[in-house]
Amino acid sequence: MENILVSACLMGVPVRYNGKSLGLQPDDLVWLKQRFNLMTFCPEVSAGLPTPRAPAEIKGGEGADVLLGAARVQDNTGVDQTAAFVRGAEQALAFCRAHNIRYAILAEASPSCASSTIYNGRFSGEKIPGQGVTAALLRRHGICVASQHTISVIKAQPGCTE
């Protein structure tokens with residue numbers, strides 16, 4: 001069975017910034033378990049960030065901009081967390097390479113994992129189009145990235161190009 005990376009928080013592991021978790025829809029989880037070996041990973045925890053931790057948002061762009069050095073990840077106390085988020089993304093990519101992973105389901109709106117929507121960088125609660133640092137790096141290296149809301153992208157495979 002093929003391996004798939006799933007954000008640890010989507011599998012019920014309490015690793016989010018607030019010490020909580022998220023989940024997958026039960027039907028999606030059943031479908032995934034029938035077709036893949038689910039491998040959980042949290043880029044932020046892998047990079048050494050604690051749980052709980054101050055919420056962070058991307059300022060000045062999105063994940064691809066962070067990777068280019070044109071945007072930063074900052075927490076709501078003003079601390080620049082860019083290095084940790086880039087390190088977590090690199091560790092997620094290394095994990096995918098080590099386990100021959102071609103698909104990832106990552107938590108939407110996260111500054112690491114968002115596949116299509118991030119917060120606006122002002123801690124106002126407003127979401128904007130964009131992707132997180134890990135999602136951007138995985139996509140750059142040909143890994144198909146979906147969120148807990150867009151598992152249909154993986155169901156419509158092969159050749160995920162989003």
# chains A, B, ... in the order shown; residues from 1 in each chain; ligands from 1

call {"tool": "residues_around", "arguments": {"residues": "range 53-67 of chain A", "least_positions_apart": "3", "cutoff": "10 Å", "atoms": "only C-alpha atoms", "output": "ChimeraX atom specification"}}
result
/A:15-19,44,49-50,70-83,85-86,89,109-123,128-137,139-140

call {"tool": "write_last_selection", "arguments": {"atoms": "C-alpha atoms", "output": "CSV table (one decimal), in the first residue's frame"}}
result
chain,number,residue,atom,x,y,z
A,15,VAL,CA,-0.1,19.4,18.3
A,16,ARG,CA,-1.8,22.6,17.1
A,17,TYR,CA,-0.6,26.0,18.5
A,18,ASN,CA,-3.5,25.9,21.1
A,19,GLY,CA,-2.7,22.3,22.2
A,44,GLU,CA,6.0,22.7,13.5
A,49,LEU,CA,8.2,24.5,18.4
A,50,PRO,CA,6.4,23.7,21.6
A,70,ALA,CA,10.5,37.7,0.7
A,71,ALA,CA,8.0,37.1,3.6
A,72,ARG,CA,8.3,36.1,7.3
A,73,VAL,CA,6.4,34.0,9.8
A,74,GLN,CA,5.8,35.9,13.0
A,75,ASP,CA,3.9,34.9,16.1
A,76,ASN,CA,1.4,37.2,17.8
A,77,THR,CA,4.0,38.3,20.4
A,78,GLY,CA,6.2,39.7,17.6
A,79,VAL,CA,8.8,36.8,17.6
A,80,ASP,CA,10.1,35.9,14.1
A,81,GLN,CA,9.5,32.1,13.7
A,82,THR,CA,10.6,32.0,10.0
A,83,ALA,CA,13.6,29.7,10.6
A,85,PHE,CA,8.8,27.1,9.8
A,86,VAL,CA,11.3,26.6,7.0
A,89,ALA,CA,9.0,22.3,5.9
A,109,ALA,CA,-5.2,27.8,7.2
A,110,SER,CA,-2.0,26.8,9.0
A,111,PRO,CA,1.1,28.9,8.2
A,112,SER,CA,2.9,25.6,7.6
A,113,CYS,CA,0.3,23.4,6.0
A,114,ALA,CA,-2.4,25.5,4.3
A,115,SER,CA,-3.0,24.4,0.8
A,116,SER,CA,-5.1,27.3,-0.4
A,117,THR,CA,-6.1,29.6,2.5
A,118,ILE,CA,-3.9,31.4,5.1
A,119,TYR,CA,-4.6,34.1,7.6
A,120,ASN,CA,-3.7,37.7,6.4
A,121,GLY,CA,-0.7,38.2,8.7
A,122,ARG,CA,-2.4,40.8,10.9
A,123,PHE,CA,-4.0,38.4,13.5
A,128,ILE,CA,-6.9,35.2,2.3
A,129,PRO,CA,-5.8,33.0,-0.7
A,130,GLY,CA,-2.4,31.4,-0.1
A,131,GLN,CA,-0.4,28.4,1.0
A,132,GLY,CA,1.7,27.6,4.0
A,133,VAL,CA,5.5,27.1,4.0
A,134,THR,CA,5.4,23.2,4.1
A,135,ALA,CA,2.7,23.0,1.4
A,136,ALA,CA,4.7,25.3,-0.9
A,137,LEU,CA,7.9,23.3,-0.5
A,139,ARG,CA,4.4,21.2,-4.1
A,140,ARG,CA,7.7,22.6,-5.4

call {"tool": "atom_distance", "arguments": {"atom1": "CA of Gly125 in chain A", "atom2": "CA of His149 in chain A"}}
result
19.0 Å

call {"tool": "select_by_dssp", "arguments": {"residues": "range 13-130 of chain A", "states": "alpha helix (DSSP H)", "output": "MDAnalysis selection string"}}
result
chainID A and resid 26:35 43:46 63:67 82:98

call {"tool": "residues_around", "arguments": {"residues": "His141 in chain A", "least_positions_apart": "2", "cutoff": "12 Å", "atoms": "only C-alpha atoms", "output": "PyMOL selection string"}}
result
chain A and resi 89-90+92-94+96-97+101-103+134-139+143-145+161

call {"tool": "select_by_dssp", "arguments": {"residues": "range 7-146 of chain A", "states": "strand (DSSP E or B)", "output": "ChimeraX atom specification"}}
result
/A:7,36-41,56-59,72-75,80,103-106,109,117-119,127-129,144-146

call {"tool": "residues_around", "arguments": {"residues": "Lys155 in chain A", "least_positions_apart": "5", "cutoff": "10 Å", "atoms": "only C-alpha atoms", "output": "PyMOL selection string"}}
result
chain A and resi 28+31-32+150+160

call {"tool": "residues_around", "arguments": {"residues": "Asp27 in chain A", "least_positions_apart": "5", "cutoff": "12 Å", "atoms": "only C-alpha atoms", "output": "list in words"}}
result
Leu32, Lys33, Gln34, Gln148, Ile151 and Ser152 of chain A

call {"tool": "write_last_selection", "arguments": {"atoms": "N, CA and C atoms", "output": "PDB file, in the first residue's frame"}}
result
ATOM      1  N   LEU A  32      -9.319   6.785   2.923  1.00  0.00           N
ATOM      2  CA  LEU A  32      -7.860   6.867   2.977  1.00  0.00           C
ATOM      3  C   LEU A  32      -7.246   5.588   3.533  1.00  0.00           C
ATOM      4  N   LYS A  33      -7.811   5.078   4.616  1.00  0.00           N
ATOM      5  CA  LYS A  33      -7.260   3.869   5.247  1.00  0.00           C
ATOM      6  C   LYS A  33      -7.368   2.650   4.335  1.00  0.00           C
ATOM      7  N   GLN A  34      -8.345   2.654   3.441  1.00  0.00           N
ATOM      8  CA  GLN A  34      -8.500   1.537   2.504  1.00  0.00           C
ATOM      9  C   GLN A  34      -7.458   1.574   1.390  1.00  0.00           C
ATOM     10  N   GLN A 148      -7.847  18.901   4.518  1.00  0.00           N
ATOM     11  CA  GLN A 148      -8.932  18.069   5.036  1.00  0.00           C
ATOM     12  C   GLN A 148     -10.250  18.379   4.334  1.00  0.00           C
ATOM     13  N   ILE A 151      -9.932  16.544  -0.016  1.00  0.00           N
ATOM     14  CA  ILE A 151      -9.426  15.194  -0.255  1.00  0.00           C
ATOM     15  C   ILE A 151      -9.860  14.688  -1.629  1.00  0.00           C
ATOM     16  N   SER A 152     -10.893  15.289  -2.185  1.00  0.00           N
ATOM     17  CA  SER A 152     -11.354  14.916  -3.524  1.00  0.00           C
ATOM     18  C   SER A 152     -10.246  15.100  -4.556  1.00  0.00           C
TER      19      SER A 152
END

call {"tool": "closest_residue", "arguments": {"among": "A:Val30, A:Ala107, A:Ala98, A:Ala156", "to": "Asn3 in chain A", "atoms": "only C-alpha atoms"}}
result
A:Ala98

call {"tool": "closest_residue", "arguments": {"among": "A:Glu108, A:Ser21, A:Asn100, A:Pro14", "to": "Lys127 in chain A", "atoms": "only C-alpha atoms"}}
result
A:Glu108

call {"tool": "closest_residue", "arguments": {"among": "A:Pro26, A:Pro52, A:Glu2, A:Val153", "to": "Ile105 in chain A", "atoms": "only C-alpha atoms"}}
result
A:Val153
